[in-house]
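Below: protein12.cif (mmCIF, C-alpha atoms)
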```cif
data_target
loop_
_atom_site.group_PDB
_atom_site.id
_atom_site.type_symbol
_atom_site.label_atom_id
_atom_site.label_comp_id
_atom_site.auth_asym_id
_atom_site.auth_seq_id
_atom_site.Cartn_x
_atom_site.Cartn_y
_atom_site.Cartn_z
ATOM 1 C CA MET X 1 0.000 0.000 0.000
ATOM 2 C CA SER X 2 1.274 3.502 -0.779
ATOM 3 C CA GLN X 3 2.546 5.877 1.883
ATOM 4 C CA LEU X 4 -0.488 8.086 1.387
ATOM 5 C CA LEU X 5 -2.915 5.228 1.897
ATOM 6 C CA THR X 6 -0.908 3.932 4.847
ATOM 7 C CA ASN X 7 -1.157 7.353 6.503
ATOM 8 C CA TYR X 8 -4.866 7.486 5.754
ATOM 9 C CA ALA X 9 -5.396 4.018 7.224
ATOM 10 C CA GLU X 10 -3.700 5.211 10.408
ATOM 11 C CA LYS X 11 -6.040 8.208 10.550
ATOM 12 C CA LEU X 12 -9.018 5.902 10.150
ATOM 13 C CA THR X 13 -7.785 3.911 13.148
ATOM 14 C CA GLN X 14 -7.926 7.070 15.266
ATOM 15 C CA ALA X 15 -11.182 8.428 13.799
ATOM 16 C CA GLN X 16 -14.299 8.733 15.934
ATOM 17 C CA MET X 17 -16.875 6.516 14.210
ATOM 18 C CA PRO X 18 -18.692 3.213 14.816
ATOM 19 C CA ALA X 19 -16.323 0.239 14.931
ATOM 20 C CA GLY X 20 -18.114 -1.574 12.107
ATOM 21 C CA LYS X 21 -17.898 1.403 9.780
ATOM 22 C CA LYS X 22 -14.206 1.827 10.578
ATOM 23 C CA LYS X 23 -13.520 -1.846 9.800
ATOM 24 C CA VAL X 24 -15.324 -1.556 6.457
ATOM 25 C CA LEU X 25 -13.439 1.593 5.423
ATOM 26 C CA LYS X 26 -10.006 0.236 6.375
ATOM 27 C CA THR X 27 -10.605 -3.093 4.663
ATOM 28 C CA ALA X 28 -12.078 -1.539 1.531
ATOM 29 C CA LEU X 29 -9.145 0.853 1.304
ATOM 30 C CA LYS X 30 -6.677 -2.035 1.334
ATOM 31 C CA LEU X 31 -8.622 -4.215 -1.097
ATOM 32 C CA PHE X 32 -9.436 -1.443 -3.578
ATOM 33 C CA ALA X 33 -5.766 -0.397 -3.685
ATOM 34 C CA SER X 34 -4.412 -3.936 -4.086
ATOM 35 C CA ASN X 35 -7.102 -5.612 -6.216
ATOM 36 C CA GLY X 36 -8.948 -2.750 -7.899
ATOM 37 C CA PHE X 37 -12.485 -1.512 -7.423
ATOM 38 C CA HIS X 38 -14.337 -3.841 -9.782
ATOM 39 C CA ALA X 39 -12.502 -6.964 -8.613
ATOM 40 C CA THR X 40 -13.411 -6.260 -4.990
ATOM 41 C CA THR X 41 -16.902 -7.379 -3.982
ATOM 42 C CA THR X 42 -18.808 -6.203 -0.927
ATOM 43 C CA ALA X 43 -18.891 -9.848 0.160
ATOM 44 C CA LYS X 44 -15.096 -9.959 0.139
ATOM 45 C CA ILE X 45 -14.880 -6.677 2.057
ATOM 46 C CA ALA X 46 -17.330 -7.964 4.648
ATOM 47 C CA ARG X 47 -15.548 -11.304 5.004
ATOM 48 C CA GLU X 48 -12.112 -9.771 5.488
ATOM 49 C CA ALA X 49 -13.416 -7.026 7.777
ATOM 50 C CA GLY X 50 -15.231 -9.580 9.923
ATOM 51 C CA VAL X 51 -18.639 -7.941 9.494
ATOM 52 C CA SER X 52 -21.833 -8.761 7.615
ATOM 53 C CA GLU X 53 -22.667 -7.289 4.200
ATOM 54 C CA GLY X 54 -25.597 -5.667 5.962
ATOM 55 C CA THR X 55 -23.121 -3.623 7.992
ATOM 56 C CA ILE X 56 -21.655 -2.237 4.782
ATOM 57 C CA TYR X 57 -25.073 -1.186 3.504
ATOM 58 C CA LYS X 58 -25.953 0.277 6.876
ATOM 59 C CA TYR X 59 -23.311 2.952 6.357
ATOM 60 C CA PHE X 60 -22.962 3.129 2.555
ATOM 61 C CA SER X 61 -25.678 3.085 -0.090
ATOM 62 C CA SER X 62 -23.513 1.161 -2.581
ATOM 63 C CA LYS X 63 -19.955 0.053 -3.301
ATOM 64 C CA GLU X 64 -19.563 3.239 -5.367
ATOM 65 C CA ASP X 65 -20.648 5.304 -2.374
ATOM 66 C CA LEU X 66 -18.083 3.474 -0.232
ATOM 67 C CA LEU X 67 -15.298 4.303 -2.700
ATOM 68 C CA ALA X 68 -16.423 7.927 -2.871
ATOM 69 C CA LYS X 69 -16.416 8.240 0.918
ATOM 70 C CA LEU X 70 -12.873 6.838 0.959
ATOM 71 C CA LEU X 71 -11.399 8.955 -1.808
ATOM 72 C CA HIS X 72 -12.963 12.343 -1.135
ATOM 73 C CA PRO X 73 -11.085 13.152 2.110
ATOM 74 C CA VAL X 74 -7.835 11.791 0.670
ATOM 75 C CA LEU X 75 -8.107 13.937 -2.459
ATOM 76 C CA ALA X 76 -9.105 16.959 -0.398
ATOM 77 C CA GLU X 77 -6.040 16.510 1.820
ATOM 78 C CA ILE X 78 -3.789 16.251 -1.233
ATOM 79 C CA LYS X 79 -5.266 19.437 -2.635
ATOM 80 C CA HIS X 80 -4.892 21.470 0.555
ATOM 81 C CA ASN X 81 -1.392 20.252 1.417
ATOM 82 C CA PHE X 82 -0.024 20.756 -2.082
ATOM 83 C CA PHE X 83 -1.524 24.131 -2.979
ATOM 84 C CA GLY X 84 -0.759 25.483 0.457
ATOM 85 C CA GLN X 85 2.937 25.383 -0.410
ATOM 86 C CA LEU X 86 2.748 27.235 -3.716
ATOM 87 C CA GLY X 87 2.495 30.703 -2.233
ATOM 88 C CA ASP X 88 6.123 30.508 -1.100
ATOM 89 C CA PHE X 89 7.589 31.081 -4.569
ATOM 90 C CA ALA X 90 8.350 34.516 -5.979
ATOM 91 C CA ASP X 91 9.192 33.486 -9.545
ATOM 92 C CA LEU X 92 7.630 31.117 -12.024
ATOM 93 C CA LYS X 93 10.764 29.045 -12.640
ATOM 94 C CA SER X 94 11.135 28.167 -8.947
ATOM 95 C CA LEU X 95 7.446 27.345 -8.643
ATOM 96 C CA VAL X 96 7.508 25.022 -11.664
ATOM 97 C CA ALA X 97 10.673 23.318 -10.409
ATOM 98 C CA PHE X 98 8.954 22.639 -7.088
ATOM 99 C CA VAL X 99 5.766 21.348 -8.744
ATOM 100 C CA VAL X 100 7.719 18.940 -10.962
ATOM 101 C CA THR X 101 9.886 17.586 -8.137
ATOM 102 C CA ASP X 102 7.091 17.394 -5.575
ATOM 103 C CA ARG X 103 4.484 15.775 -7.843
ATOM 104 C CA LEU X 104 6.905 13.211 -9.274
ATOM 105 C CA GLN X 105 7.943 12.215 -5.748
ATOM 106 C CA PHE X 106 4.279 11.985 -4.767
ATOM 107 C CA ILE X 107 3.356 9.835 -7.783
ATOM 108 C CA THR X 108 6.332 7.531 -7.211
ATOM 109 C CA ALA X 109 5.414 7.032 -3.545
ATOM 110 C CA ASN X 110 1.686 6.634 -4.220
ATOM 111 C CA PHE X 111 1.442 5.046 -7.636
ATOM 112 C CA ASP X 112 -1.091 2.432 -6.550
ATOM 113 C CA PHE X 113 -3.401 5.202 -5.338
ATOM 114 C CA ILE X 114 -2.969 7.166 -8.575
ATOM 115 C CA ARG X 115 -3.723 4.014 -10.559
ATOM 116 C CA LEU X 116 -6.817 3.365 -8.451
ATOM 117 C CA ILE X 117 -8.176 6.814 -9.275
ATOM 118 C CA ALA X 118 -7.300 6.572 -12.959
ATOM 119 C CA GLN X 119 -8.649 3.071 -13.488
ATOM 120 C CA GLU X 120 -11.604 2.913 -11.158
ATOM 121 C CA ALA X 121 -12.786 6.261 -9.831
ATOM 122 C CA LEU X 122 -13.230 8.213 -13.056
ATOM 123 C CA THR X 123 -16.636 6.755 -13.917
ATOM 124 C CA ASP X 124 -19.941 8.419 -14.641
ATOM 125 C CA GLN X 125 -21.207 7.407 -11.219
ATOM 126 C CA LEU X 126 -18.289 8.868 -9.296
ATOM 127 C CA THR X 127 -16.952 11.860 -11.189
ATOM 128 C CA GLY X 128 -19.446 14.452 -9.972
ATOM 129 C CA GLN X 129 -19.573 13.181 -6.425
ATOM 130 C CA LEU X 130 -15.801 13.023 -5.975
ATOM 131 C CA TYR X 131 -14.500 15.918 -7.984
ATOM 132 C CA GLY X 132 -17.091 18.705 -7.942
ATOM 133 C CA ASP X 133 -15.843 20.495 -4.825
ATOM 134 C CA ILE X 134 -12.230 19.426 -5.219
ATOM 135 C CA VAL X 135 -11.846 20.649 -8.797
ATOM 136 C CA THR X 136 -14.249 23.555 -9.270
ATOM 137 C CA GLY X 137 -15.503 24.437 -5.785
ATOM 138 C CA PRO X 138 -14.174 27.157 -3.481
ATOM 139 C CA ASN X 139 -10.406 26.730 -3.100
ATOM 140 C CA GLY X 140 -10.593 23.894 -5.638
ATOM 141 C CA VAL X 141 -7.928 23.082 -8.201
ATOM 142 C CA PHE X 142 -9.325 25.421 -10.867
ATOM 143 C CA PRO X 143 -9.555 28.504 -8.604
ATOM 144 C CA GLN X 144 -6.112 27.788 -7.152
ATOM 145 C CA LEU X 145 -4.507 27.563 -10.589
ATOM 146 C CA THR X 146 -6.314 30.720 -11.695
ATOM 147 C CA ALA X 147 -4.874 32.512 -8.657
ATOM 148 C CA ILE X 148 -1.388 31.349 -9.675
ATOM 149 C CA GLN X 149 -2.058 32.569 -13.209
ATOM 150 C CA HIS X 150 -2.950 36.027 -11.903
ATOM 151 C CA ALA X 151 0.067 36.107 -9.581
ATOM 152 C CA PHE X 152 2.525 35.570 -12.454
ATOM 153 C CA PRO X 153 1.856 37.994 -15.323
ATOM 154 C CA GLU X 154 4.212 36.080 -17.618
ATOM 155 C CA ILE X 155 1.656 33.274 -17.708
ATOM 156 C CA ASN X 156 -0.721 33.598 -20.646
ATOM 157 C CA GLN X 157 -3.774 35.177 -19.006
ATOM 158 C CA SER X 158 -6.107 33.818 -21.690
ATOM 159 C CA LEU X 159 -5.476 30.183 -20.698
ATOM 160 C CA THR X 160 -8.530 28.477 -19.242
ATOM 161 C CA PRO X 161 -8.349 26.444 -16.008
ATOM 162 C CA VAL X 162 -8.503 23.224 -18.035
ATOM 163 C CA GLN X 163 -5.592 24.405 -20.170
ATOM 164 C CA LEU X 164 -3.623 25.309 -17.040
ATOM 165 C CA VAL X 165 -4.156 21.814 -15.642
ATOM 166 C CA ARG X 166 -3.050 20.301 -18.948
ATOM 167 C CA ALA X 167 0.069 22.492 -19.080
ATOM 168 C CA PHE X 168 1.164 21.382 -15.616
ATOM 169 C CA THR X 169 0.127 17.745 -15.640
ATOM 170 C CA GLY X 170 0.762 16.635 -19.232
ATOM 171 C CA PRO X 171 4.576 16.337 -19.091
ATOM 172 C CA ILE X 172 4.538 15.105 -15.478
ATOM 173 C CA LEU X 173 2.034 12.318 -16.112
ATOM 174 C CA THR X 174 3.750 11.252 -19.329
ATOM 175 C CA TYR X 175 7.077 10.949 -17.509
ATOM 176 C CA SER X 176 5.405 9.071 -14.642
ATOM 177 C CA LEU X 177 3.890 6.532 -17.012
ATOM 178 C CA GLN X 178 7.296 6.096 -18.637
ATOM 179 C CA THR X 179 9.065 5.418 -15.354
ATOM 180 C CA GLN X 180 6.368 3.786 -13.189
ATOM 181 C CA LEU X 181 4.276 1.809 -15.662
ATOM 182 C CA PHE X 182 6.728 1.000 -18.444
ATOM 183 C CA HIS X 183 9.846 1.073 -16.230
ATOM 184 C CA VAL X 184 11.852 3.198 -18.648
ATOM 185 C CA PRO X 185 14.426 5.044 -16.503
ATOM 186 C CA GLY X 186 14.714 8.811 -16.529
ATOM 187 C CA ASP X 187 17.346 11.255 -15.338
ATOM 188 C CA LYS X 188 17.880 14.864 -14.249
ATOM 189 C CA ALA X 189 17.978 16.021 -17.863
ATOM 190 C CA ASP X 190 14.417 14.745 -18.248
ATOM 191 C CA LEU X 191 13.279 16.745 -15.230
ATOM 192 C CA ALA X 192 14.859 19.917 -16.591
ATOM 193 C CA LEU X 193 13.119 19.298 -19.914
ATOM 194 C CA ILE X 194 9.757 18.808 -18.182
ATOM 195 C CA GLN X 195 10.192 22.140 -16.406
ATOM 196 C CA ARG X 196 10.967 23.901 -19.694
ATOM 197 C CA GLN X 197 7.965 22.269 -21.360
ATOM 198 C CA ILE X 198 5.615 23.430 -18.623
ATOM 199 C CA ILE X 199 6.947 26.988 -18.661
ATOM 200 C CA ALA X 200 6.703 27.081 -22.452
ATOM 201 C CA SER X 201 3.078 25.903 -22.319
ATOM 202 C CA LEU X 202 2.178 28.427 -19.632
ATOM 203 C CA THR X 203 3.819 31.437 -21.261
ATOM 204 C CA SER X 204 3.083 30.756 -24.939
ATOM 205 C CA LYS X 205 0.792 33.401 -26.409
#
```

Written as structure tokens, that's how I'd like the structure from this file.
Amino acid sequence: MSQLLTNYAEKLTQAQMPAGKKKVLKTALKLFASNGFHATTTAKIAREAGVSEGTIYKYFSSKEDLLAKLLHPVLAEIKHNFFGQLGDFADLKSLVAFVVTDRLQFITANFDFIRLIAQEALTDQLTGQLYGDIVTGPNGVFPQLTAIQHAFPEINQSLTPVQLVRAFTGPILTYSLQTQLFHVPGDKADLALIQRQIIASLTSK
């Protein structure tokens, strides 16, 4: 299990909630991350958690609802912790260098979680429930990136929030797939190139 999920599991242990609900959440977290959402049945969650399937449906309306309840606080924590650090940079080059280094380290340490989101969570049933507040709501990803855009006049001010996300994430995700999924090694020259690509995308008129 990734470091992020391990930390979250520890928080669940300390959370104030009914014991049965806590067992379901912790077990589902482990099974979803290791086996995938669709391959994990509520019967398997119940069996491994030592509860009845009825206990699961007492607290969650469906397996999709269970996944949403697991992922939403994790994604919200990622958002707040990451964007909270971006106000420390006075120039665009330093900010981009931090984003590249920080996000690549995060993806490397939490690749199973990233894969879970990419493969399982982005469905019609879950997208609105999971990502509405996190992406477009107050202090969401889109408003945060727009604030960065306004703080650095060299960034093309006509870029939309979606285009800003694409400028930042495109090179980072491509490199991550290369190194984490296809196991093609990279080096420092690649990281410098990614930074230049992001800056070029952000500042191109």

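All protein, DNA and RNA residues at most 10 Å from (5.8, 12.1, -16.9) are Val100, Arg103, Leu104, Ile107, Thr169, Gly170, Pro171, Ile172, Leu173, Thr174, Tyr175, Ser176, Leu177, Gln178, Thr179, Gln180, Gly186, Asp190, Leu191 and Ile194 of chain X, using all atoms listed in the file.
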
Near region 27-47 of chain X, 9 Å: region 60-82 of chain X residue rows, closest pairs, only C-alpha atoms, as JSON lines:
```
{"residue": "X:Ser62", "atom": "CA", "partner": "X:Thr42", "partner_atom": "CA", "distance": 8.9}
{"residue": "X:Lys63", "atom": "CA", "partner": "X:Thr42", "partner_atom": "CA", "distance": 6.8}
{"residue": "X:Glu64", "atom": "CA", "partner": "X:Phe37", "partner_atom": "CA", "distance": 8.8}
{"residue": "X:Leu66", "atom": "CA", "partner": "X:Ala28", "partner_atom": "CA", "distance": 8.0}
{"residue": "X:Leu67", "atom": "CA", "partner": "X:Ala28", "partner_atom": "CA", "distance": 7.9}
{"residue": "X:Leu70", "atom": "CA", "partner": "X:Leu29", "partner_atom": "CA", "distance": 7.1}
{"residue": "X:Leu71", "atom": "CA", "partner": "X:Leu29", "partner_atom": "CA", "distance": 9.0}
```

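In this comparison, which uses all atoms listed in the file, the residue of X:Leu12, X:Ala151, X:Pro161, X:Arg166 approaching Phe89 (chain X) most closely is X:Ala151.
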
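The shortest atom-to-atom distance to Met17 (chain X), with all atoms listed in the file taken into account, belongs to X:Tyr59 out of X:Glu48, X:Arg196, X:Val135, X:Tyr59.
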
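Residue nearest Gly84 (chain X), chosen from X:Gln14, X:Asn139, X:Asn110, X:Ser158 and counting only C-alpha atoms: X:Asn139.
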
>> Could you list, as a ChimeraX atom specification, every residue matched by the PyMOL selection byres ((chain X and resi 152) around 12) in this structure?
In response: /X:87,89-96,145-151,153-157,199,202-203

Store the residues picked out above in a file with C-alpha atoms, as a PDB file, keeping the file's coordinate frame.
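Writing done, so here's result38.pdb:
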```
ATOM      1  CA  GLY X  87       2.495  30.703  -2.233  1.00  0.00           C
ATOM      2  CA  PHE X  89       7.589  31.081  -4.569  1.00  0.00           C
ATOM      3  CA  ALA X  90       8.350  34.516  -5.979  1.00  0.00           C
ATOM      4  CA  ASP X  91       9.192  33.486  -9.545  1.00  0.00           C
ATOM      5  CA  LEU X  92       7.630  31.117 -12.024  1.00  0.00           C
ATOM      6  CA  LYS X  93      10.764  29.045 -12.640  1.00  0.00           C
ATOM      7  CA  SER X  94      11.135  28.167  -8.947  1.00  0.00           C
ATOM      8  CA  LEU X  95       7.446  27.345  -8.643  1.00  0.00           C
ATOM      9  CA  VAL X  96       7.508  25.022 -11.664  1.00  0.00           C
ATOM     10  CA  LEU X 145      -4.507  27.563 -10.589  1.00  0.00           C
ATOM     11  CA  THR X 146      -6.314  30.720 -11.695  1.00  0.00           C
ATOM     12  CA  ALA X 147      -4.874  32.512  -8.657  1.00  0.00           C
ATOM     13  CA  ILE X 148      -1.388  31.349  -9.675  1.00  0.00           C
ATOM     14  CA  GLN X 149      -2.058  32.569 -13.209  1.00  0.00           C
ATOM     15  CA  HIS X 150      -2.950  36.027 -11.903  1.00  0.00           C
ATOM     16  CA  ALA X 151       0.067  36.107  -9.581  1.00  0.00           C
ATOM     17  CA  PRO X 153       1.856  37.994 -15.323  1.00  0.00           C
ATOM     18  CA  GLU X 154       4.212  36.080 -17.618  1.00  0.00           C
ATOM     19  CA  ILE X 155       1.656  33.274 -17.708  1.00  0.00           C
ATOM     20  CA  ASN X 156      -0.721  33.598 -20.646  1.00  0.00           C
ATOM     21  CA  GLN X 157      -3.774  35.177 -19.006  1.00  0.00           C
ATOM     22  CA  ILE X 199       6.947  26.988 -18.661  1.00  0.00           C
ATOM     23  CA  LEU X 202       2.178  28.427 -19.632  1.00  0.00           C
ATOM     24  CA  THR X 203       3.819  31.437 -21.261  1.00  0.00           C
TER      25      THR X 203
END
```

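Between CA of Ile117 (chain X) and CA of His183 (chain X) there is a distance of 20.2 Å.
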
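If you measure from each of X:Leu181, X:Asp187, X:Ala19, X:Pro138 to Thr108 (chain X) using all atoms listed in the file, the closest one turns out to be X:Leu181.
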